[in-house]
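File shown: target.pdb. Contents: PDB, C-alpha atoms and all ligand atoms.
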MODEL        1
ATOM      1  CA  MET A   1      15.212   4.886  16.657
ATOM      2  CA  VAL A   2      13.716   1.762  15.214
ATOM      3  CA  HIS A   3      10.397   0.240  16.357
ATOM      4  CA  PRO A   4      10.747  -1.958  19.470
ATOM      5  CA  ASP A   5       9.051  -4.955  17.816
ATOM      6  CA  THR A   6      12.036  -5.525  15.541
ATOM      7  CA  GLU A   7      15.344  -7.347  15.749
ATOM      8  CA  LEU A   8      18.497  -7.944  13.767
ATOM      9  CA  ARG A   9      18.732 -11.291  11.953
ATOM     10  CA  PHE A  10      21.273 -12.778   9.583
ATOM     11  CA  VAL A  11      19.755 -13.086   6.094
ATOM     12  CA  ASN A  12      22.473 -14.835   4.075
ATOM     13  CA  ASP A  13      26.120 -14.449   3.083
ATOM     14  CA  ASN A  14      25.178 -12.321   0.109
ATOM     15  CA  ILE A  15      22.934  -9.808   1.872
ATOM     16  CA  GLY A  16      24.323  -9.998   5.408
ATOM     17  CA  TRP A  17      22.082  -8.770   8.233
ATOM     18  CA  GLY A  18      18.553  -7.361   8.093
ATOM     19  CA  VAL A  19      15.829  -5.943  10.354
ATOM     20  CA  PHE A  20      12.869  -8.251  11.062
ATOM     21  CA  ALA A  21       9.502  -7.817  12.788
ATOM     22  CA  THR A  22       9.124  -9.844  15.988
ATOM     23  CA  ARG A  23       5.348  -9.181  16.106
ATOM     24  CA  PRO A  24       2.759  -8.133  13.530
ATOM     25  CA  ILE A  25       3.165  -4.434  12.691
ATOM     26  CA  PRO A  26       0.104  -2.786  11.115
ATOM     27  CA  LYS A  27       0.136  -0.433   8.157
ATOM     28  CA  GLY A  28       0.517   3.165   9.337
ATOM     29  CA  THR A  29       2.948   2.324  12.148
ATOM     30  CA  ILE A  30       5.932   4.628  12.498
ATOM     31  CA  ILE A  31       8.692   2.086  12.088
ATOM     32  CA  TRP A  32      11.673   4.405  12.455
ATOM     33  CA  ALA A  33      12.191   8.004  13.590
ATOM     34  CA  LEU A  34      15.310  10.140  13.450
ATOM     35  CA  ASP A  35      16.412  10.763  17.035
ATOM     36  CA  THR A  36      19.001  12.796  18.877
ATOM     37  CA  LEU A  37      21.488   9.913  19.056
ATOM     38  CA  ASP A  38      21.661   9.478  15.284
ATOM     39  CA  GLN A  39      24.831  11.093  13.946
ATOM     40  CA  LYS A  40      24.857  13.652  11.128
ATOM     41  CA  PHE A  41      27.932  14.370   8.992
ATOM     42  CA  ASN A  42      28.097  17.211   6.469
ATOM     43  CA  PRO A  43      30.185  16.664   3.305
ATOM     44  CA  GLU A  44      33.194  18.534   4.756
ATOM     45  CA  GLN A  45      33.191  16.306   7.831
ATOM     46  CA  VAL A  46      32.947  13.189   5.662
ATOM     47  CA  ALA A  47      35.904  14.357   3.561
ATOM     48  CA  GLY A  48      37.992  14.741   6.713
ATOM     49  CA  LEU A  49      37.328  11.212   7.988
ATOM     50  CA  PRO A  50      39.903   8.423   7.623
ATOM     51  CA  PRO A  51      39.220   5.901   4.809
ATOM     52  CA  TYR A  52      37.898   3.157   7.111
ATOM     53  CA  ALA A  53      35.296   5.554   8.556
ATOM     54  CA  GLN A  54      34.292   6.780   5.102
ATOM     55  CA  ALA A  55      33.822   3.145   4.011
ATOM     56  CA  ALA A  56      31.649   2.430   7.055
ATOM     57  CA  LEU A  57      29.564   5.534   6.400
ATOM     58  CA  GLU A  58      29.096   4.569   2.771
ATOM     59  CA  LYS A  59      27.790   1.163   3.829
ATOM     60  CA  TYR A  60      25.636   2.106   6.819
ATOM     61  CA  SER A  61      24.426   5.684   6.352
ATOM     62  CA  TYR A  62      21.917   7.397   4.114
ATOM     63  CA  ILE A  63      22.017  10.899   2.651
ATOM     64  CA  ASP A  64      19.382  13.470   3.500
ATOM     65  CA  ALA A  65      18.073  16.329   1.327
ATOM     66  CA  ARG A  66      20.807  18.620   2.681
ATOM     67  CA  GLY A  67      23.507  16.195   1.578
ATOM     68  CA  ARG A  68      24.337  15.071   5.111
ATOM     69  CA  HIS A  69      25.232  11.460   5.842
ATOM     70  CA  ILE A  70      22.952  10.177   8.609
ATOM     71  CA  LEU A  71      24.302   7.243  10.625
ATOM     72  CA  CYS A  72      21.679   5.535  12.790
ATOM     73  CA  TRP A  73      22.963   4.450  16.169
ATOM     74  CA  ASP A  74      20.746   1.351  16.482
ATOM     75  CA  HIS A  75      19.887  -1.541  14.144
ATOM     76  CA  ALA A  76      17.985   0.823  11.818
ATOM     77  CA  ARG A  77      21.261   1.055   9.899
ATOM     78  CA  PHE A  78      20.757  -2.579   8.799
ATOM     79  CA  PHE A  79      17.541  -1.930   6.830
ATOM     80  CA  ASN A  80      17.919  -3.587   3.437
ATOM     81  CA  HIS A  81      16.594  -2.326   0.123
ATOM     82  CA  SER A  82      13.624  -3.778  -1.721
ATOM     83  CA  CYS A  83      12.077  -2.578  -4.980
ATOM     84  CA  ASN A  84       8.790  -3.511  -3.277
ATOM     85  CA  ALA A  85       9.622  -1.962   0.116
ATOM     86  CA  ASN A  86       7.172  -2.320   3.000
ATOM     87  CA  CYS A  87       8.405   0.920   4.638
ATOM     88  CA  LEU A  88       8.604   4.399   3.111
ATOM     89  CA  SER A  89       8.699   7.978   4.334
ATOM     90  CA  LEU A  90       6.924  11.198   3.462
ATOM     91  CA  GLY A  91       8.680  14.549   3.837
ATOM     92  CA  TYR A  92       9.338  13.948   7.541
ATOM     93  CA  ASP A  93      12.150  12.339   9.495
ATOM     94  CA  PHE A  94      10.364   9.049  10.014
ATOM     95  CA  GLU A  95       9.422   5.931   8.069
ATOM     96  CA  LEU A  96       6.028   4.265   7.975
ATOM     97  CA  ALA A  97       4.902   0.691   7.444
ATOM     98  CA  ILE A  98       3.062   1.105   4.131
ATOM     99  CA  ARG A  99       1.336  -2.266   4.440
ATOM    100  CA  ASP A 100       0.684  -4.759   7.212
ATOM    101  CA  ILE A 101       3.937  -6.501   8.164
ATOM    102  CA  ALA A 102       3.789 -10.046   9.560
ATOM    103  CA  ALA A 103       5.846 -11.341  12.473
ATOM    104  CA  GLY A 104       9.080 -12.720  11.030
ATOM    105  CA  GLU A 105       8.899 -10.556   7.896
ATOM    106  CA  GLU A 106      11.893  -8.433   6.949
ATOM    107  CA  LEU A 107      11.433  -4.657   7.037
ATOM    108  CA  THR A 108      12.738  -2.970   3.915
ATOM    109  CA  ASP A 109      12.898   0.467   2.441
ATOM    110  CA  ASP A 110      13.717   1.746  -1.023
ATOM    111  CA  TYR A 111      17.284   3.019  -1.227
ATOM    112  CA  GLY A 112      16.181   5.130  -4.178
ATOM    113  CA  THR A 113      14.591   7.437  -1.591
ATOM    114  CA  LEU A 114      17.899   7.832   0.273
ATOM    115  CA  ASN A 115      19.864   9.854  -2.286
ATOM    116  CA  PRO A 116      22.414   7.201  -3.376
ATOM    117  CA  LEU A 117      25.502   8.839  -4.891
ATOM    118  CA  VAL A 118      26.033   6.080  -7.452
ATOM    119  CA  ALA A 119      23.912   3.376  -9.080
ATOM    120  CA  PHE A 120      24.198  -0.153  -7.711
ATOM    121  CA  PRO A 121      22.758  -3.493  -8.802
ATOM    122  CA  CYS A 122      19.693  -4.747  -6.947
ATOM    123  CA  LEU A 123      19.547  -8.266  -5.516
ATOM    124  CA  CYS A 124      16.002  -8.100  -4.142
ATOM    125  CA  ASP A 125      13.423 -10.776  -4.970
ATOM    126  CA  ALA A 126      10.526  -8.408  -5.746
ATOM    127  CA  PRO A 127       8.572  -9.443  -8.855
ATOM    128  CA  ASP A 128       9.021  -5.920 -10.225
ATOM    129  CA  CYS A 129      12.698  -5.615  -9.246
ATOM    130  CA  ARG A 130      14.229  -2.822 -11.309
ATOM    131  CA  GLN A 131      17.676  -4.549 -11.328
ATOM    132  CA  ALA A 132      19.485  -1.417 -10.204
ATOM    133  CA  VAL A 133      18.995   1.456  -7.783
ATOM    134  CA  GLN A 134      19.774   4.792  -9.439
ATOM    135  CA  PRO A 135      20.607   8.221  -7.988
ATOM    136  CA  ASP A 136      17.685   9.685  -9.954
ATOM    137  CA  ASP A 137      15.071   7.027  -9.095
ATOM    138  CA  PHE A 138      13.228   9.802  -7.285
ATOM    139  CA  ALA A 139      12.444  11.530 -10.569
ATOM    140  CA  ARG A 140      10.736   8.411 -11.957
ATOM    141  CA  LEU A 141       9.268   6.835  -8.824
ATOM    142  CA  GLY A 142       8.706   9.723  -6.417
ATOM    143  CA  ASP A 143       5.004  10.114  -7.195
ATOM    144  CA  ARG A 144       4.326   6.372  -6.763
ATOM    145  CA  TRP A 145       6.211   6.281  -3.447
ATOM    146  CA  ASN A 146       4.331   9.356  -2.291
ATOM    147  CA  THR A 147       0.921   7.834  -3.045
ATOM    148  CA  ARG A 148       1.754   4.677  -1.078
ATOM    149  CA  ALA A 149       3.181   6.557   1.884
ATOM    150  CA  ARG A 150       0.273   9.034   2.045
ATOM    151  CA  GLU A 151      -2.195   6.177   2.320
ATOM    152  CA  ALA A 152      -0.326   4.861   5.356
ATOM    153  CA  PHE A 153       0.145   8.358   6.827
ATOM    154  CA  PHE A 154      -3.554   8.828   7.506
ATOM    155  CA  LEU A 155      -3.591   5.602   9.540
ATOM    156  CA  ILE A 156      -1.106   7.069  12.059
ATOM    157  CA  PRO A 157      -3.839   7.878  14.645
ATOM    158  CA  SER A 158      -5.469   4.439  14.229
ATOM    159  CA  VAL A 159      -2.611   2.153  15.233
ATOM    160  CA  PRO A 160      -0.240   1.948  18.244
ATOM    161  CA  GLN A 161       2.724   4.314  17.884
ATOM    162  CA  PRO A 162       5.488   3.475  20.379
ATOM    163  CA  LEU A 163       7.829   5.953  18.645
ATOM    164  CA  TRP A 164       5.418   8.904  18.801
ATOM    165  CA  ASN A 165       7.342  10.688  21.559
ATOM    166  CA  VAL A 166      10.590  10.361  19.617
ATOM    167  CA  LEU A 167       9.237  12.551  16.791
ATOM    168  CA  SER A 168      10.459  16.132  16.782
ATOM    169  CA  ASP A 169       7.640  17.575  14.656
ATOM    170  CA  ARG A 170       4.530  16.130  16.281
ATOM    171  CA  ALA A 171       2.480  19.344  16.011
ATOM    172  CA  ASP A 172       3.217  19.572  12.305
ATOM    173  CA  ILE A 173       2.199  15.949  11.785
ATOM    174  CA  GLU A 174      -1.036  16.457  13.715
ATOM    175  CA  GLY A 175      -1.765  19.493  11.548
ATOM    176  CA  ALA A 176      -1.232  17.447   8.388
ATOM    177  CA  LEU A 177      -3.457  14.653   9.685
ATOM    178  CA  ALA A 178      -6.226  17.235  10.115
ATOM    179  CA  ASP A 179      -5.573  18.916   6.758
ATOM    180  CA  PRO A 180      -4.375  16.656   3.908
ATOM    181  CA  ASN A 181      -3.130  19.713   1.986
ATOM    182  CA  ARG A 182      -0.426  20.146   4.616
ATOM    183  CA  VAL A 183       1.105  16.691   4.220
ATOM    184  CA  ARG A 184       4.736  17.074   3.211
ATOM    185  CA  PRO A 185       5.441  14.961   0.097
ATOM    186  CA  ILE A 186       8.262  12.437   0.003
ATOM    187  CA  HIS A 187       9.930  14.568  -2.680
ATOM    188  CA  GLY A 188      11.200  16.798   0.141
ATOM    189  CA  HIS A 189      13.884  14.167   0.750
ATOM    190  CA  TYR A 190      15.227  14.417  -2.772
ATOM    191  CA  ARG A 191      18.585  16.116  -2.577
ATOM    192  CA  HIS A 192      18.489  17.191  -6.214
ATOM    193  CA  ALA A 193      15.062  18.782  -5.734
ATOM    194  CA  LEU A 194      16.302  20.831  -2.799
ATOM    195  CA  ALA A 195      19.266  22.031  -4.835
ATOM    196  CA  THR A 196      17.112  23.093  -7.771
ATOM    197  CA  GLY A 197      13.989  24.187  -5.888
ATOM    198  CA  ALA A 198      11.940  21.759  -7.983
ATOM    199  CA  PHE A 199       9.563  20.947  -5.146
TER     200      PHE A 199
HETATM  201 ZN    ZN A 201      15.112  -4.925  -6.675
ENDMDL
END
Let me see the file written as structure tokens.
Amino acid sequence: MVHPDTELRFVNDNIGWGVFATRPIPKGTIIWALDTLDQKFNPEQVAGLPPYAQAALEKYSYIDARGRHILCWDHARFFNHSCNANCLSLGYDFELAIRDIAAGEELTDDYGTLNPLVAFPCLCDAPDCRQAVQPDDFARLGDRWNTRAREAFFLIPSVPQPLWNVLSDRADIEGALADPNRVRPIHGHYRHALATGAF
């Protein structure tokens, strides 16, 4: 479920639609949380879908560490990529605003964190755009993403959290807020890492 102070807006013919803030959203706000209405498809289920459904999944879903396609039921599925994303996750099923987001600003995440199966060119306007999103971006950028997301994580108790009750692992998050050693790193989302036990 995506934060209530967001809406879908048309960006341009090239990018299509995107998710925008309707009010200022402070750093540390949980901007999206996996909820019970989001659909999960394991690889066998995906293989059994008709081509039009596979194409829709490829466009609108992301892949979790277990290799499942996750299809968000609301406008969270329209989050666009940025190489300078303002939202990132840690090793939990939610995304955080990693800096203050202004009203009217587009919310973006880094598709490199979402286990893309193939590389694709990047069209974002970030000054440090890396020109392409790669399946193994995690290996190069995981530590940097983790540092940024951790900073925002410890602001969770300080800012309004309308999605707090949607979270399934609230006790675990509270434990990590009290003990920084318990914070789950973003690397937990890396499908390759789960397969190899690297993290
Ligand atoms: Zn880019």
Item to complete: Would you kindly return, as a ChimeraX atom specification, each protein, DNA or RNA residue with an atom no farther than 7 Å from any atom of Trp17 of chain A, considering all atoms listed in the file and excluding same-chain residues fewer than 3 positions away?
Response: /A:8-11,78
Practice prompt. Compare A:Ile30, A:Cys129, A:Ala65, A:Val2 by their minimum atom-to-atom distance to Ser158 of chain A, counting only C-alpha atoms, and give me the closest one.
Written response: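 The shortest atom-to-atom distance to Ser158 of chain A comes from A:Ile30.
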Worksheet item: Excluding same-chain residues fewer than 5 positions from Cys72 of chain A, what lies within 9 Å of it counting all atoms listed in the file, as a PyMOL selection string?
Response: chain A and resi 1+34-35+37-40+60-62+77
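If you measure from each of A:Asp172, A:Asp137, A:Asp128, A:Glu95 to ligand ZN 201 (chain A) using only C-alpha atoms and all ligand atoms, the closest one turns out to be A:Asp128.
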Discussion item. Evaluate the PyMOL selection byres (((not hetatm)) within 7 of (chain A and resi 201)) against this structure - the residues, as a VMD selection string, please.
Written reply: chain A and resid 82 to 83 122 to 126 129 to 132
Discussion item. As an exercise, work out the distance from atom CA of Gly142 of chain A to atom CA of Thr113 of chain A in Å and give it to one decimal place.
Written reply: 7.9 Å
Item to complete: May I have the residues within 6 Å of Ala97 of chain A as a PyMOL selection string, using all atoms listed in the file and disregarding those fewer than 6 positions away in the same chain?
Response: chain A and resi 27-29+86-87
Discussion item. Using only C-alpha atoms for the distances, tell me which of A:Pro121, A:Gly104, A:Gly91, A:Pro26 is nearest to Ile173 of chain A.
Written reply: A:Gly91
Worksheet, complete the sentence: Residue with the minimum atom-to-atom distance to Leu114 of chain A, picked from A:Gln45, A:Asn80, A:Thr147, A:Asn165 with only C-alpha atoms counted, is A:Asn80
Can I get segment 114-130 of chain A with N, CA and C atoms filled in, as a PDB file, keeping the file's coordinate frame?
ATOM      1  N   LEU A 114      16.865   7.423  -0.684  1.00  0.00           N
ATOM      2  CA  LEU A 114      17.899   7.832   0.273  1.00  0.00           C
ATOM      3  C   LEU A 114      19.095   8.511  -0.395  1.00  0.00           C
ATOM      4  N   ASN A 115      18.852   9.067  -1.580  1.00  0.00           N
ATOM      5  CA  ASN A 115      19.864   9.854  -2.286  1.00  0.00           C
ATOM      6  C   ASN A 115      21.191   9.114  -2.504  1.00  0.00           C
ATOM      7  N   PRO A 116      21.154   7.905  -3.103  1.00  0.00           N
ATOM      8  CA  PRO A 116      22.414   7.201  -3.376  1.00  0.00           C
ATOM      9  C   PRO A 116      23.287   8.033  -4.320  1.00  0.00           C
ATOM     10  N   LEU A 117      24.589   8.035  -4.071  1.00  0.00           N
ATOM     11  CA  LEU A 117      25.502   8.839  -4.891  1.00  0.00           C
ATOM     12  C   LEU A 117      25.785   8.163  -6.230  1.00  0.00           C
ATOM     13  N   VAL A 118      25.759   6.829  -6.219  1.00  0.00           N
ATOM     14  CA  VAL A 118      26.033   6.080  -7.452  1.00  0.00           C
ATOM     15  C   VAL A 118      24.990   4.978  -7.605  1.00  0.00           C
ATOM     16  N   ALA A 119      24.829   4.492  -8.832  1.00  0.00           N
ATOM     17  CA  ALA A 119      23.912   3.376  -9.080  1.00  0.00           C
ATOM     18  C   ALA A 119      24.525   2.090  -8.549  1.00  0.00           C
ATOM     19  N   PHE A 120      23.680   1.169  -8.093  1.00  0.00           N
ATOM     20  CA  PHE A 120      24.198  -0.153  -7.711  1.00  0.00           C
ATOM     21  C   PHE A 120      23.181  -1.223  -8.084  1.00  0.00           C
ATOM     22  N   PRO A 121      23.674  -2.436  -8.388  1.00  0.00           N
ATOM     23  CA  PRO A 121      22.758  -3.493  -8.802  1.00  0.00           C
ATOM     24  C   PRO A 121      21.859  -3.908  -7.663  1.00  0.00           C
ATOM     25  N   CYS A 122      20.628  -4.323  -7.988  1.00  0.00           N
ATOM     26  CA  CYS A 122      19.693  -4.747  -6.947  1.00  0.00           C
ATOM     27  C   CYS A 122      19.598  -6.269  -6.918  1.00  0.00           C
ATOM     28  N   LEU A 123      19.608  -6.816  -5.702  1.00  0.00           N
ATOM     29  CA  LEU A 123      19.547  -8.266  -5.516  1.00  0.00           C
ATOM     30  C   LEU A 123      18.215  -8.683  -4.904  1.00  0.00           C
ATOM     31  N   CYS A 124      17.243  -7.773  -4.841  1.00  0.00           N
ATOM     32  CA  CYS A 124      16.002  -8.100  -4.142  1.00  0.00           C
ATOM     33  C   CYS A 124      15.171  -9.089  -4.958  1.00  0.00           C
ATOM     34  N   ASP A 125      14.208  -9.747  -4.279  1.00  0.00           N
ATOM     35  CA  ASP A 125      13.423 -10.776  -4.970  1.00  0.00           C
ATOM     36  C   ASP A 125      12.020 -10.274  -5.317  1.00  0.00           C
ATOM     37  N   ALA A 126      11.834  -8.958  -5.379  1.00  0.00           N
ATOM     38  CA  ALA A 126      10.526  -8.408  -5.746  1.00  0.00           C
ATOM     39  C   ALA A 126      10.208  -8.761  -7.200  1.00  0.00           C
ATOM     40  N   PRO A 127       8.940  -9.099  -7.478  1.00  0.00           N
ATOM     41  CA  PRO A 127       8.572  -9.443  -8.855  1.00  0.00           C
ATOM     42  C   PRO A 127       8.863  -8.299  -9.840  1.00  0.00           C
ATOM     43  N   ASP A 128       8.768  -7.063  -9.342  1.00  0.00           N
ATOM     44  CA  ASP A 128       9.021  -5.920 -10.225  1.00  0.00           C
ATOM     45  C   ASP A 128      10.380  -5.283  -9.923  1.00  0.00           C
ATOM     46  N   CYS A 129      11.347  -6.135  -9.540  1.00  0.00           N
ATOM     47  CA  CYS A 129      12.698  -5.615  -9.246  1.00  0.00           C
ATOM     48  C   CYS A 129      13.212  -4.839 -10.452  1.00  0.00           C
ATOM     49  N   ARG A 130      13.760  -3.632 -10.187  1.00  0.00           N
ATOM     50  CA  ARG A 130      14.229  -2.822 -11.309  1.00  0.00           C
ATOM     51  C   ARG A 130      15.708  -3.051 -11.610  1.00  0.00           C
TER      52      ARG A 130
END
